[in-house]
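Everything below belongs to data23.txt, which stores compact mmCIF, C-alpha atoms.
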# COMPACT_ATOMS: atom_id res chain seq x y z
CA MET A 360 28.68 -9.80 -60.17
CA SER A 361 29.64 -13.49 -60.13
CA VAL A 362 31.37 -15.17 -57.19
CA ASN A 363 34.59 -15.50 -59.21
CA GLN A 364 34.48 -11.82 -60.18
CA ALA A 365 33.89 -10.81 -56.58
CA THR A 366 36.82 -12.95 -55.41
CA ALA A 367 39.10 -11.46 -58.06
CA SER A 368 38.03 -7.94 -57.07
CA GLU A 369 38.77 -8.69 -53.44
CA ASP A 370 42.20 -10.05 -54.41
CA VAL A 371 43.05 -6.91 -56.38
CA ALA A 372 41.78 -4.68 -53.59
CA ALA A 373 43.85 -6.57 -51.04
CA ASP A 374 46.93 -6.21 -53.24
CA GLU A 375 46.39 -2.49 -53.85
CA ASN A 376 45.75 -1.59 -50.20
CA PRO A 377 48.90 -2.00 -48.10
CA PRO A 378 48.76 -3.19 -44.49
CA LYS A 379 49.14 -0.66 -41.72
CA GLY A 380 52.87 -1.38 -41.71
CA GLY A 381 53.16 0.78 -44.85
CA ARG A 382 54.49 0.38 -48.36
CA SER A 383 57.86 -0.93 -47.16
CA GLY A 384 56.21 -3.90 -45.46
CA GLU A 385 54.14 -4.62 -48.54
CA ARG A 386 57.19 -4.53 -50.81
CA THR A 387 59.03 -6.95 -48.53
CA ASP A 388 56.05 -9.27 -48.56
CA MET A 389 55.80 -9.16 -52.37
CA VAL A 390 59.53 -9.90 -52.70
CA GLY A 391 59.03 -12.96 -50.52
CA LYS A 392 56.09 -14.07 -52.66
CA ALA A 393 58.09 -13.59 -55.86
CA LEU A 394 60.98 -15.64 -54.48
CA GLY A 395 58.49 -18.31 -53.45
CA LEU A 396 57.25 -18.52 -57.05
CA LEU A 397 60.83 -19.01 -58.27
CA VAL A 398 61.30 -21.86 -55.80
CA LEU A 399 58.09 -23.50 -57.04
CA LEU A 400 59.19 -23.15 -60.66
CA GLY A 401 62.48 -24.78 -59.73
CA ASP A 402 60.47 -27.90 -58.91
CA GLU A 403 58.85 -27.86 -62.37
CA PRO A 404 61.50 -28.74 -64.99
CA ARG A 405 58.77 -28.84 -67.69
CA GLY A 406 57.28 -25.53 -66.59
CA ALA A 407 53.84 -24.73 -65.17
CA SER A 408 50.84 -22.55 -65.98
CA ALA A 409 49.99 -19.44 -64.00
CA ALA A 410 46.93 -21.23 -62.61
CA ASP A 411 49.02 -24.18 -61.42
CA ILE A 412 51.58 -21.88 -59.82
CA SER A 413 48.85 -19.83 -58.16
CA ARG A 414 47.28 -22.96 -56.69
CA ARG A 415 50.59 -24.38 -55.43
CA ALA A 416 51.69 -21.04 -53.97
CA GLN A 417 48.25 -20.53 -52.38
CA LEU A 418 48.18 -16.99 -53.76
CA PRO A 419 45.39 -15.14 -55.59
CA PHE A 420 45.63 -15.61 -59.34
CA SER A 421 45.85 -11.85 -59.89
CA THR A 422 48.83 -11.59 -57.55
CA THR A 423 50.58 -14.60 -59.13
CA TYR A 424 49.98 -13.32 -62.66
CA ARG A 425 51.35 -9.87 -61.84
CA LEU A 426 54.44 -11.27 -60.10
CA LEU A 427 55.13 -13.65 -62.98
CA GLY A 428 54.88 -10.70 -65.38
CA SER A 429 57.46 -8.74 -63.40
CA LEU A 430 59.79 -11.74 -63.12
CA THR A 431 59.47 -12.39 -66.86
CA ARG A 432 60.31 -8.78 -67.74
CA ASP A 433 63.46 -9.00 -65.61
CA GLY A 434 64.57 -12.32 -67.13
CA PHE A 435 64.11 -14.43 -64.01
CA VAL A 436 61.25 -16.32 -65.66
CA ASP A 437 60.61 -17.32 -69.28
CA TYR A 438 57.10 -17.57 -70.75
CA GLU A 439 56.25 -20.17 -73.40
CA PRO A 440 53.27 -18.76 -75.36
CA ASP A 441 52.40 -22.01 -77.16
CA GLY A 442 51.94 -24.01 -73.98
CA ARG A 443 51.16 -20.99 -71.77
CA ARG A 444 53.76 -22.22 -69.32
CA TYR A 445 56.39 -20.48 -67.26
CA HIS A 446 59.98 -21.71 -66.75
CA LEU A 447 62.96 -20.44 -64.79
CA GLY A 448 64.81 -17.88 -66.88
CA LEU A 449 68.39 -17.21 -67.89
CA ARG A 450 69.00 -14.77 -65.03
CA ILE A 451 68.43 -17.59 -62.52
CA PHE A 452 70.96 -19.76 -64.35
CA GLN A 453 73.48 -16.91 -64.37
CA LEU A 454 73.05 -16.33 -60.64
CA GLY A 455 73.35 -20.06 -59.99
CA GLN A 456 76.59 -20.20 -61.92
CA ARG A 457 77.95 -17.30 -59.87
CA VAL A 458 77.04 -19.07 -56.65
CA SER A 459 78.66 -22.25 -57.93
CA ASN A 460 81.83 -20.37 -58.82
CA HIS A 461 81.81 -18.56 -55.48
CA HIS A 462 81.62 -21.84 -53.57
CA GLY A 463 84.33 -23.40 -55.70
CA PHE A 464 82.33 -26.20 -57.32
CA ALA A 465 82.60 -25.13 -60.96
CA GLY A 466 86.23 -24.05 -61.20
CA THR A 467 87.65 -26.63 -58.81
CA ALA A 468 85.74 -29.59 -60.19
CA LEU A 469 86.19 -28.92 -63.90
CA PRO A 470 89.78 -30.23 -64.32
CA VAL A 471 88.86 -33.47 -62.54
CA LEU A 472 85.74 -33.94 -64.67
CA ARG A 473 87.76 -33.31 -67.82
CA ARG A 474 90.33 -35.91 -66.78
CA VAL A 475 87.64 -38.52 -66.17
CA THR A 476 86.06 -37.78 -69.56
CA GLU A 477 89.46 -38.08 -71.26
CA GLN A 478 89.86 -41.56 -69.79
CA THR A 479 86.32 -42.81 -70.38
CA GLY A 480 85.52 -40.99 -73.62
CA GLU A 481 82.06 -40.32 -72.16
CA ALA A 482 80.18 -37.54 -70.37
CA THR A 483 81.02 -36.86 -66.71
CA ILE A 484 78.42 -35.19 -64.48
CA LEU A 485 78.67 -33.63 -61.01
CA SER A 486 75.41 -33.18 -59.07
CA VAL A 487 74.18 -32.09 -55.65
CA ARG A 488 70.83 -32.63 -53.96
CA ASP A 489 68.23 -29.86 -54.06
CA GLY A 490 65.24 -31.01 -52.03
CA HIS A 491 63.52 -33.82 -53.91
CA HIS A 492 65.69 -33.30 -57.01
CA HIS A 493 69.31 -33.46 -58.03
CA LEU A 494 70.90 -30.33 -59.47
CA THR A 495 73.56 -30.67 -62.16
CA VAL A 496 76.47 -28.48 -61.05
CA ASN A 497 78.90 -29.20 -63.87
CA LYS A 498 79.28 -31.50 -66.84
CA VAL A 499 81.94 -32.35 -69.40
CA ASP A 500 80.73 -33.96 -72.62
CA GLY A 501 82.67 -36.72 -74.31
CA PRO A 502 84.16 -36.37 -77.79
CA GLN A 503 81.36 -38.44 -79.33
CA MET A 504 78.57 -36.83 -81.34
CA PHE A 505 75.83 -38.10 -78.98
CA ARG A 506 75.42 -35.55 -76.15
CA VAL A 507 74.02 -36.07 -72.66
CA THR A 508 71.24 -33.54 -72.04
CA SER A 509 71.77 -32.98 -68.29
CA ASP A 510 73.40 -29.54 -68.56
CA PRO A 511 74.48 -27.39 -65.57
CA GLY A 512 71.42 -26.03 -63.79
CA HIS A 513 69.27 -29.02 -64.73
CA LEU A 514 66.94 -30.33 -62.02
CA GLY A 515 66.32 -34.06 -62.26
CA SER A 516 64.71 -36.93 -60.45
CA LEU A 517 66.40 -38.51 -57.44
CA SER A 518 64.66 -41.85 -57.93
CA THR A 519 65.33 -42.49 -61.63
CA THR A 520 68.94 -41.27 -62.01
CA ALA A 521 72.27 -42.76 -60.92
CA VAL A 522 73.43 -39.45 -59.41
CA GLY A 523 70.13 -39.14 -57.56
CA LYS A 524 70.17 -42.64 -56.14
CA ALA A 525 73.75 -42.17 -54.94
CA LEU A 526 72.70 -38.98 -53.15
CA VAL A 527 69.74 -40.72 -51.49
CA ALA A 528 71.68 -43.85 -50.53
CA PHE A 529 74.44 -41.93 -48.77
CA ALA A 530 72.35 -39.15 -47.23
CA GLU A 531 72.32 -38.76 -43.45
CA ASP A 532 70.38 -41.60 -41.86
CA ALA A 533 67.29 -39.61 -40.85
CA GLU A 534 67.20 -37.74 -44.16
CA ARG A 535 67.58 -40.98 -46.12
CA GLU A 536 64.63 -42.54 -44.29
CA LYS A 537 62.55 -39.45 -44.95
CA LEU A 538 63.38 -39.55 -48.66
CA LEU A 539 62.62 -43.26 -48.86
CA ALA A 540 59.21 -42.61 -47.32
CA GLU A 541 58.24 -39.38 -49.09
CA LEU A 542 60.12 -39.12 -52.39
CA PRO A 543 57.73 -39.04 -55.37
CA LEU A 544 58.40 -42.13 -57.50
CA GLU A 545 57.30 -40.78 -60.86
CA PRO A 546 57.58 -43.10 -63.89
CA LEU A 547 59.69 -41.33 -66.52
CA THR A 548 60.04 -44.51 -68.58
CA GLU A 549 58.58 -48.01 -68.35
CA LYS A 550 61.76 -49.04 -66.52
CA SER A 551 61.41 -46.45 -63.71
CA ILE A 552 61.01 -47.87 -60.20
CA THR A 553 57.61 -46.81 -58.87
CA ASP A 554 57.14 -49.35 -56.05
CA ARG A 555 58.39 -47.98 -52.74
CA ASP A 556 59.61 -51.34 -51.41
CA ALA A 557 61.50 -51.96 -54.65
CA PHE A 558 63.06 -48.50 -54.46
CA ARG A 559 64.14 -49.09 -50.87
CA ALA A 560 65.74 -52.39 -51.92
CA ASP A 561 67.54 -50.64 -54.77
CA ILE A 562 68.90 -47.97 -52.43
CA GLU A 563 70.12 -50.65 -50.00
CA LEU A 564 71.94 -52.31 -52.91
CA VAL A 565 73.58 -48.99 -53.76
CA ARG A 566 74.77 -48.65 -50.16
CA ARG A 567 76.23 -52.18 -50.14
CA ARG A 568 78.18 -51.93 -53.36
CA GLY A 569 79.08 -48.22 -53.15
CA TYR A 570 77.72 -47.08 -56.52
CA ALA A 571 74.39 -46.55 -58.28
CA VAL A 572 73.29 -47.39 -61.80
CA MET A 573 70.58 -46.09 -64.10
CA ASP A 574 69.62 -48.36 -66.97
CA GLU A 575 67.05 -46.46 -69.07
CA GLU A 576 65.01 -45.59 -65.95
CA ASN A 577 65.32 -41.85 -66.52
CA GLU A 578 65.60 -41.70 -70.29
CA LEU A 579 65.24 -44.48 -72.84
CA GLY A 580 68.49 -45.14 -74.67
CA MET A 581 70.69 -43.87 -71.82
CA ARG A 582 72.45 -45.51 -68.88
CA ALA A 583 74.75 -44.17 -66.17
CA VAL A 584 76.80 -45.13 -63.15
CA ALA A 585 77.42 -42.80 -60.18
CA VAL A 586 79.40 -42.70 -56.94
CA PRO A 587 78.96 -40.41 -53.93
CA LEU A 588 81.31 -37.67 -52.77
CA LEU A 589 81.47 -38.26 -49.04
CA ASN A 590 82.12 -35.74 -46.28
CA HIS A 591 84.09 -36.48 -43.11
CA GLN A 592 81.02 -38.12 -41.54
CA GLY A 593 80.60 -40.48 -44.49
CA TYR A 594 77.52 -38.77 -45.97
CA ALA A 595 77.14 -37.64 -49.58
CA PHE A 596 77.30 -33.91 -50.34
CA ALA A 597 77.51 -34.51 -54.11
CA SER A 598 77.68 -37.35 -56.64
CA LEU A 599 79.74 -38.04 -59.75
CA ALA A 600 78.55 -39.99 -62.78
CA THR A 601 79.52 -41.29 -66.19
CA ALA A 602 76.60 -41.37 -68.63
CA VAL A 603 76.46 -43.14 -72.00
CA PRO A 604 73.99 -44.15 -74.70
CA VAL A 605 73.07 -47.82 -74.41
CA PHE A 606 74.34 -48.67 -77.89
CA ARG A 607 77.87 -47.64 -76.96
CA LEU A 608 78.52 -49.42 -73.65
CA SER A 609 76.99 -52.40 -71.90
CA LEU A 610 76.07 -52.05 -68.24
CA GLU A 611 79.03 -54.28 -67.30
CA ALA A 612 81.47 -52.14 -69.31
CA LEU A 613 80.04 -49.00 -67.73
CA VAL A 614 80.39 -50.37 -64.18
CA ALA A 615 84.05 -51.05 -64.97
CA HIS A 616 84.53 -47.26 -64.72
CA VAL A 617 83.53 -47.26 -61.02
CA PRO A 618 87.12 -47.37 -59.64
CA LEU A 619 88.04 -44.36 -61.79
CA LEU A 620 84.94 -42.49 -60.58
CA GLN A 621 85.66 -43.37 -56.95
CA GLU A 622 89.23 -42.09 -57.26
CA ALA A 623 87.97 -38.84 -58.79
CA ALA A 624 85.23 -38.55 -56.14
CA ALA A 625 87.78 -38.87 -53.35
CA GLU A 626 89.91 -36.15 -54.94
CA LEU A 627 86.90 -33.86 -55.34
CA ALA A 628 85.75 -34.51 -51.77
CA ALA A 629 89.14 -33.33 -50.54
CA ARG A 630 89.06 -30.21 -52.74
CA LEU A 631 85.44 -29.04 -52.73
CA PRO A 632 83.60 -27.16 -49.97
CA GLN A 633 81.36 -29.66 -48.23
CA ARG A 634 77.81 -28.50 -47.74

Whole structure given in structure tokens:
Amino acid sequence: MSVNQATASEDVAADENPPKGGRSGERTDMVGKALGLLVLLGDEPRGASAADISRRAQLPFSTTYRLLGSLTRDGFVDYEPDGRRYHLGLRIFQLGQRVSNHHGFAGTALPVLRRVTEQTGEATILSVRDGHHHLTVNKVDGPQMFRVTSDPGHLGSLSTTAVGKALVAFAEDAEREKLLAELPLEPLTEKSITDRDAFRADIELVRRRGYAVMDEENELGMRAVAVPLLNHQGYAFASLATAVPVFRLSLEALVAHVPLLQEAAAELAARLPQR
């Protein structure tokens, strides 16, 4: 028997033999492991292989593979056969939408987002921070044919998006410093900021002027402007953006929408539950 075969056999044996606490303790442990896999997949917008997930979760491959199979059967995870990659499934999106509705974000914010879109003619996006990503909570598309792809439930970069930079710039002081020091600065386009000093300078500029811009840093052909939704302490608990294709609005014309966004952000901050 090879070393790899022996290791796999040990993994299976460990999984099939419950600890002295009994089957109930094992089931609780496996639920925790399954939830951990969902959290890891939430950090992988493009999906990940079972081997990658196993390595990141620090779980035996056999355990990871079996849990992913169960989660896929129940709709919490989707499997892409061509790329052999796993993604968060529709059930997760449905649960997320219920949480959003429960906390008032979706229903309360939608009329305000629609009003902003009616005045700008462009997409309006509401996001919150989820660890090292921003999470799109709600979006209203403009009447134009060209759609913005950041749909509700989308996890995106904090460093390359306007909504993300607004969330970083107006985070609590200690949290902002931690993000500035640790946030992965991944290049999504040739215009993405990957130098940490340059990113810090950009965030300081956002703080001074009160809004953030994205000019093809996250996606070529797209630009956006975003403002924070501030709580009573002056820290961002969400951000609001207008996004447009570059051929339709110049950066200067887009920034002209900032007062409208700030007015809407103030209204939403007064209405929404602050996290």

Nearest to A:Leu394 by atom-to-atom distance, counting all atoms listed in the file, from A:Ala416, A:Asp532, A:Lys550, A:Leu472 | A:Ala416

One decimal, Å: what's the distance from atom CA of A:Asp402 over to atom CA of A:Leu547, could you say?
-> 15.5 Å

For atom CA of A:Phe529 and atom CA of A:Arg582, quote the distance in Å rounded to one decimal.
->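 These atoms are spaced 20.5 Å apart.
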
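For the pair atom CA of A:Leu627 and atom CA of A:Leu454, the interatomic distance is 23.0 Å.
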
Shortest interatomic distance to A:Arg607 - which of A:Leu400, A:Gly480, A:Leu619, A:Pro546, counting only C-alpha atoms = A:Gly480

Min atom-atom distance to A:Ala468 from the set A:Lys392, A:Val499, A:Ser516, A:Asp411, counting only C-alpha atoms, belongs to A:Val499

With all atoms listed in the file as the basis for distance, which of A:Ala528, A:Val496, A:Thr422, A:Thr476 is at the shortest distance from A:Asp388?
->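 Smallest separation from A:Asp388 among the options: A:Thr422.
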
Can you list, as a ChimeraX atom specification, every protein, DNA or RNA residue that comes within 10 Å of A:Ala482 when you count all atoms listed in the file, leaving out same-chain residues fewer than 4 positions away?
-> /A:472-473,475-477,498-503,505-509,583,600-603

May I have the protein, DNA and RNA residues with any atom at most 10 Å from the point (74.0, -48.5, -53.1), counting all atoms listed in the file, written as a ChimeraX atom specification?
-> /A:521,524-529,560-572,585-587

Kindly indicate which residue among A:Asp441, A:Glu481, A:Glu622, A:Glu403 lies nearest to A:Met581, using only C-alpha atoms for the distances.
-> A:Glu481

So which one's closest to A:Ser518, A:Ala540, A:Ala533, A:Met389, A:Ile552? Using all atoms listed in the file, please.
-> A:Ile552

Protein, DNA and RNA residues within 12 Å of (62.2, -24.2, -55.5), only C-alpha atoms, as a list in words =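 Checking each residue against the 12 Å limit leaves Ala393, Leu394, Gly395, Leu396, Leu397, Val398, Leu399, Leu400, Gly401, Asp402, Glu403, Pro404, Ile412, Arg415, Ala416, His446, Leu447, Ile451, Asp489, Gly490, His491, His492, His493, Leu494 and Leu514 of chain A.
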
Since the input lacks atoms, please generate all heavy atoms for stretch 622-633 of chain A and provide them as a PDB file, keeping the file's coordinate frame.
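Result file is rebuild02.pdb:
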ATOM      1  N   GLU A 622      87.966 -42.824 -57.455  1.00  0.00           N
ATOM      2  CA  GLU A 622      89.230 -42.090 -57.260  1.00  0.00           C
ATOM      3  C   GLU A 622      89.005 -40.594 -57.463  1.00  0.00           C
ATOM      4  O   GLU A 622      89.487 -39.762 -56.682  1.00  0.00           O
ATOM      5  CB  GLU A 622      90.278 -42.612 -58.241  1.00  0.00           C
ATOM      6  CG  GLU A 622      91.622 -41.934 -58.123  1.00  0.00           C
ATOM      7  CD  GLU A 622      92.620 -42.466 -59.138  1.00  0.00           C
ATOM      8  OE1 GLU A 622      92.342 -43.514 -59.770  1.00  0.00           O
ATOM      9  OE2 GLU A 622      93.680 -41.827 -59.318  1.00  0.00           O
ATOM     10  N   ALA A 623      88.253 -40.245 -58.522  1.00  0.00           N
ATOM     11  CA  ALA A 623      87.970 -38.840 -58.790  1.00  0.00           C
ATOM     12  C   ALA A 623      87.086 -38.242 -57.701  1.00  0.00           C
ATOM     13  O   ALA A 623      87.269 -37.089 -57.292  1.00  0.00           O
ATOM     14  CB  ALA A 623      87.285 -38.702 -60.157  1.00  0.00           C
ATOM     15  N   ALA A 624      86.114 -39.028 -57.200  1.00  0.00           N
ATOM     16  CA  ALA A 624      85.230 -38.550 -56.140  1.00  0.00           C
ATOM     17  C   ALA A 624      86.003 -38.260 -54.866  1.00  0.00           C
ATOM     18  O   ALA A 624      85.733 -37.270 -54.171  1.00  0.00           O
ATOM     19  CB  ALA A 624      84.131 -39.580 -55.879  1.00  0.00           C
ATOM     20  N   ALA A 625      86.959 -39.092 -54.541  1.00  0.00           N
ATOM     21  CA  ALA A 625      87.780 -38.870 -53.350  1.00  0.00           C
ATOM     22  C   ALA A 625      88.607 -37.594 -53.501  1.00  0.00           C
ATOM     23  O   ALA A 625      88.757 -36.815 -52.548  1.00  0.00           O
ATOM     24  CB  ALA A 625      88.679 -40.070 -53.108  1.00  0.00           C
ATOM     25  N   GLU A 626      89.132 -37.373 -54.693  1.00  0.00           N
ATOM     26  CA  GLU A 626      89.910 -36.150 -54.940  1.00  0.00           C
ATOM     27  C   GLU A 626      89.021 -34.917 -54.820  1.00  0.00           C
ATOM     28  O   GLU A 626      89.405 -33.913 -54.195  1.00  0.00           O
ATOM     29  CB  GLU A 626      90.545 -36.218 -56.331  1.00  0.00           C
ATOM     30  CG  GLU A 626      91.384 -35.000 -56.672  1.00  0.00           C
ATOM     31  CD  GLU A 626      92.034 -35.099 -58.039  1.00  0.00           C
ATOM     32  OE1 GLU A 626      91.972 -36.185 -58.663  1.00  0.00           O
ATOM     33  OE2 GLU A 626      92.595 -34.075 -58.487  1.00  0.00           O
ATOM     34  N   LEU A 627      87.817 -34.985 -55.407  1.00  0.00           N
ATOM     35  CA  LEU A 627      86.900 -33.860 -55.340  1.00  0.00           C
ATOM     36  C   LEU A 627      86.430 -33.603 -53.907  1.00  0.00           C
ATOM     37  O   LEU A 627      86.287 -32.458 -53.483  1.00  0.00           O
ATOM     38  CB  LEU A 627      85.686 -34.108 -56.244  1.00  0.00           C
ATOM     39  CG  LEU A 627      85.951 -34.004 -57.749  1.00  0.00           C
ATOM     40  CD1 LEU A 627      84.740 -34.492 -58.535  1.00  0.00           C
ATOM     41  CD2 LEU A 627      86.296 -32.569 -58.133  1.00  0.00           C
ATOM     42  N   ALA A 628      86.194 -34.668 -53.157  1.00  0.00           N
ATOM     43  CA  ALA A 628      85.750 -34.510 -51.770  1.00  0.00           C
ATOM     44  C   ALA A 628      86.797 -33.790 -50.935  1.00  0.00           C
ATOM     45  O   ALA A 628      86.469 -33.050 -50.002  1.00  0.00           O
ATOM     46  CB  ALA A 628      85.439 -35.884 -51.161  1.00  0.00           C
ATOM     47  N   ALA A 629      88.060 -34.002 -51.280  1.00  0.00           N
ATOM     48  CA  ALA A 629      89.140 -33.330 -50.540  1.00  0.00           C
ATOM     49  C   ALA A 629      89.285 -31.873 -50.974  1.00  0.00           C
ATOM     50  O   ALA A 629      89.758 -31.041 -50.194  1.00  0.00           O
ATOM     51  CB  ALA A 629      90.458 -34.062 -50.790  1.00  0.00           C
ATOM     52  N   ARG A 630      88.865 -31.556 -52.203  1.00  0.00           N
ATOM     53  CA  ARG A 630      89.060 -30.210 -52.740  1.00  0.00           C
ATOM     54  C   ARG A 630      87.853 -29.296 -52.543  1.00  0.00           C
ATOM     55  O   ARG A 630      88.001 -28.103 -52.300  1.00  0.00           O
ATOM     56  CB  ARG A 630      89.327 -30.279 -54.241  1.00  0.00           C
ATOM     57  CG  ARG A 630      90.668 -30.851 -54.648  1.00  0.00           C
ATOM     58  CD  ARG A 630      90.843 -30.683 -56.139  1.00  0.00           C
ATOM     59  NE  ARG A 630      92.109 -31.181 -56.632  1.00  0.00           N
ATOM     60  CZ  ARG A 630      92.554 -30.939 -57.855  1.00  0.00           C
ATOM     61  NH1 ARG A 630      91.834 -30.213 -58.687  1.00  0.00           N
ATOM     62  NH2 ARG A 630      93.707 -31.428 -58.252  1.00  0.00           N
ATOM     63  N   LEU A 631      86.646 -29.862 -52.684  1.00  0.00           N
ATOM     64  CA  LEU A 631      85.440 -29.040 -52.730  1.00  0.00           C
ATOM     65  C   LEU A 631      84.938 -28.665 -51.345  1.00  0.00           C
ATOM     66  O   LEU A 631      85.104 -29.434 -50.393  1.00  0.00           O
ATOM     67  CB  LEU A 631      84.325 -29.782 -53.480  1.00  0.00           C
ATOM     68  CG  LEU A 631      84.564 -30.027 -54.960  1.00  0.00           C
ATOM     69  CD1 LEU A 631      83.436 -30.878 -55.539  1.00  0.00           C
ATOM     70  CD2 LEU A 631      84.668 -28.717 -55.726  1.00  0.00           C
ATOM     71  N   PRO A 632      84.271 -27.501 -51.241  1.00  0.00           N
ATOM     72  CA  PRO A 632      83.600 -27.160 -49.970  1.00  0.00           C
ATOM     73  C   PRO A 632      82.460 -28.099 -49.727  1.00  0.00           C
ATOM     74  O   PRO A 632      81.646 -28.359 -50.611  1.00  0.00           O
ATOM     75  CB  PRO A 632      83.111 -25.715 -50.212  1.00  0.00           C
ATOM     76  CG  PRO A 632      83.005 -25.594 -51.693  1.00  0.00           C
ATOM     77  CD  PRO A 632      84.082 -26.458 -52.262  1.00  0.00           C
ATOM     78  N   GLN A 633      82.384 -28.671 -48.545  1.00  0.00           N
ATOM     79  CA  GLN A 633      81.360 -29.660 -48.230  1.00  0.00           C
ATOM     80  C   GLN A 633      80.170 -28.969 -47.597  1.00  0.00           C
ATOM     81  O   GLN A 633      80.308 -28.280 -46.592  1.00  0.00           O
ATOM     82  CB  GLN A 633      81.938 -30.741 -47.298  1.00  0.00           C
ATOM     83  CG  GLN A 633      83.110 -31.470 -47.939  1.00  0.00           C
ATOM     84  CD  GLN A 633      83.698 -32.541 -47.047  1.00  0.00           C
ATOM     85  OE1 GLN A 633      83.147 -32.847 -45.995  1.00  0.00           O
ATOM     86  NE2 GLN A 633      84.797 -33.120 -47.456  1.00  0.00           N
TER      87      GLN A 633
END
